[in-house]
Each structure stands twice: as C-alpha cells, then as structure tokens.
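Peer 1: Got a structure for you, written out below as structure tokens; questions coming shortly.
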Amino acid sequence: MKTTVGKVLSVATAVASVIFLGFVLAAIFGGPNWKAEAQTIPGFSIARGDAEPFDWIATRHVGEGAIAPGKAIEPVLIAVYDAKIKTVNDQAAKLEEKDGPLQTKINDAMASIKVDEQALKDHLTELEALLKQTEGDDVATSQQVEAKAEAVRKVELQIQSRREDVLRLLAQVEQLRSDRFRIGEIQQQLQDLIQQIDGSLERAESRRDQLTGQ
C-alpha cells in the first residue's frame, strides 16, 4: 500500500516527466519563449550575464546548491527543474522516514479496534441466539426476554458508538499527518534560512578577515 508521501512523489515525478517532454517537443518543433519561461520558475532568478562569456546564470533565492551556467538557456532551465525535483524528493524521503513509525502505530490501533468490534459482534450474536431460545416461553419468562432485548439494544448502541470512534480516530490521524507534513515544510524552510544565514556569516567573516589583513 502506497503512503501519502509516496503518492505525492509519484505525482511530482510524473509532472517532471511531462515538463521534460515539453522541452524535447519544443526543441524539435521549436519557438518557445524561454526567457518568459525562466521568469515563471519560483525560487530561482535566471538571467544572462552582463560580461563575457555572457552565460545564462540561475540563482537560488533560498538554499544551497549551484546551477551550472550555460551558453544556452535551455540546459540551464532543465538543470533548474532537476534541482527542484531533487528538493521535492529529499523532502519526501525525510517524510517517509517519519511516516513508517506512525503508520505502524495506526495499523496497531486499527487492528485493536477490529478485534474489539468483532468481540462485540460475537457477543451480539450470542445474545440474539439466547433471545431466540426464550421465544415460546410462558409469561413468567417475558421479563427475562425483555431484559435480553434491552441488552441487545445496548450492545448495538455500543457497536455504533465504537464505529463513530473509529471514524473520529481516522479523521484525527489524517489531521495529524497533515499537520506533520506542514511542520516538515516549516522545518525545511527554517533549515534553508539557517543555511542562508550561515552563508552570510561566512561571507561577513571572510570580508572582515580581508579588511583586517589590510
């Protein structure tokens, strides 16, 4: 059974495949506005250098990892999409690591719920069988029959309550998984920000050392 993260990763891979197919078709049948395409990629700035060798350069807004410059814009765009796909895959891998233990706990809880529900159903079956045995008894046993019927109704209400608990627990689990996914995204953003700050500090220290050396 595929997890939610696995499905997201499959969709991302499929989208990337379509994008690369578009590049190939565009290269064959030609004429796309690559400059306009470059401006639509979030998280990157893509522009041609002002000095020789006038390469196309892609710059990340946040995070690490350099994109190799190129004489033509198409290879640079492909490298940018490769980098974005790698980022998605890395995030998905981290979520997969956390998804396993949680999925195990969910499976254990579901198995326990199924056992309890089956036990209640078996008890209901026993009560129904006992109720049938009392049919045809004289008036003296009618109160006992009514008591058993009431017990059956209570069990049915208990089963219904347990089913509602199951649905509520499943909804809570989905909410927890959604919250975990959002937390993962926030953590990734914080890590990217920390890396950016670390890079700024290193540059500042290097500049300070240069000024001190003078």
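Identifiers for the structure tokens are assigned positionally: chains receive A, B, ... in sequence, residues are indexed from 1 per chain, and ligands are indexed from 1 in the order shown.
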Please run DSSP on the backbone and report, as a PyMOL selection string, all residues within region 55-184 of chain A that come out as strand (DSSP E or B).

Peer 2: chain A and resi 56-60+70

Peer 1: Within 12 Å of Glu185 (chain A), counting only C-alpha atoms, which residues show up once you throw out same-chain ones fewer than 3 positions away? Write them as a PyMOL selection string, please.

Peer 2: chain A and resi 87-88+90-92+94-95+178-182+188-192

Peer 1: Figure out the distance between CA of Ile78 (chain A) and CA of Asn33 (chain A), please, to one decimal in Å.

Peer 2: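 Computing it gives 14.5 Å between the two atoms.
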
Peer 1: Rounded to one decimal, what separation in Å do you get between CA of Arg163 (chain A) and CA of Asp116 (chain A)?

Peer 2: 10.6 Å

Peer 1: DSSP on the backbone: which residues in region 52-176 of chain A end up as helix (DSSP H, G or I)? Give the answer as a PyMOL selection string.

Peer 2: chain A and resi 73-134+139-176

Peer 1: Which value, in Å to one decimal, gives the distance between CA of Pro53 (chain A) and CA of Arg203 (chain A)?

Peer 2: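 Interatomic distance here is 25.5 Å.
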
Peer 1: What's around Trp34 (chain A) at 8 Å? Count only C-alpha atoms, leave out sequence neighbours fewer than 4 positions away in its own chain, and write the answer as a PyMOL selection string.

Peer 2: chain A and resi 38+73-74

Peer 1: Hey, can you spit out that residue selection with C-alpha atoms as a tab-separated table (two decimals), in the first residue's frame?

Peer 2:
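Contents of the output file result.tsv:
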chain	number	residue	atom	x	y	z
A	38	ALA	CA	12.55	31.36	-16.93
A	73	ILE	CA	19.15	28.95	-21.68
A	74	GLU	CA	17.53	25.54	-22.30
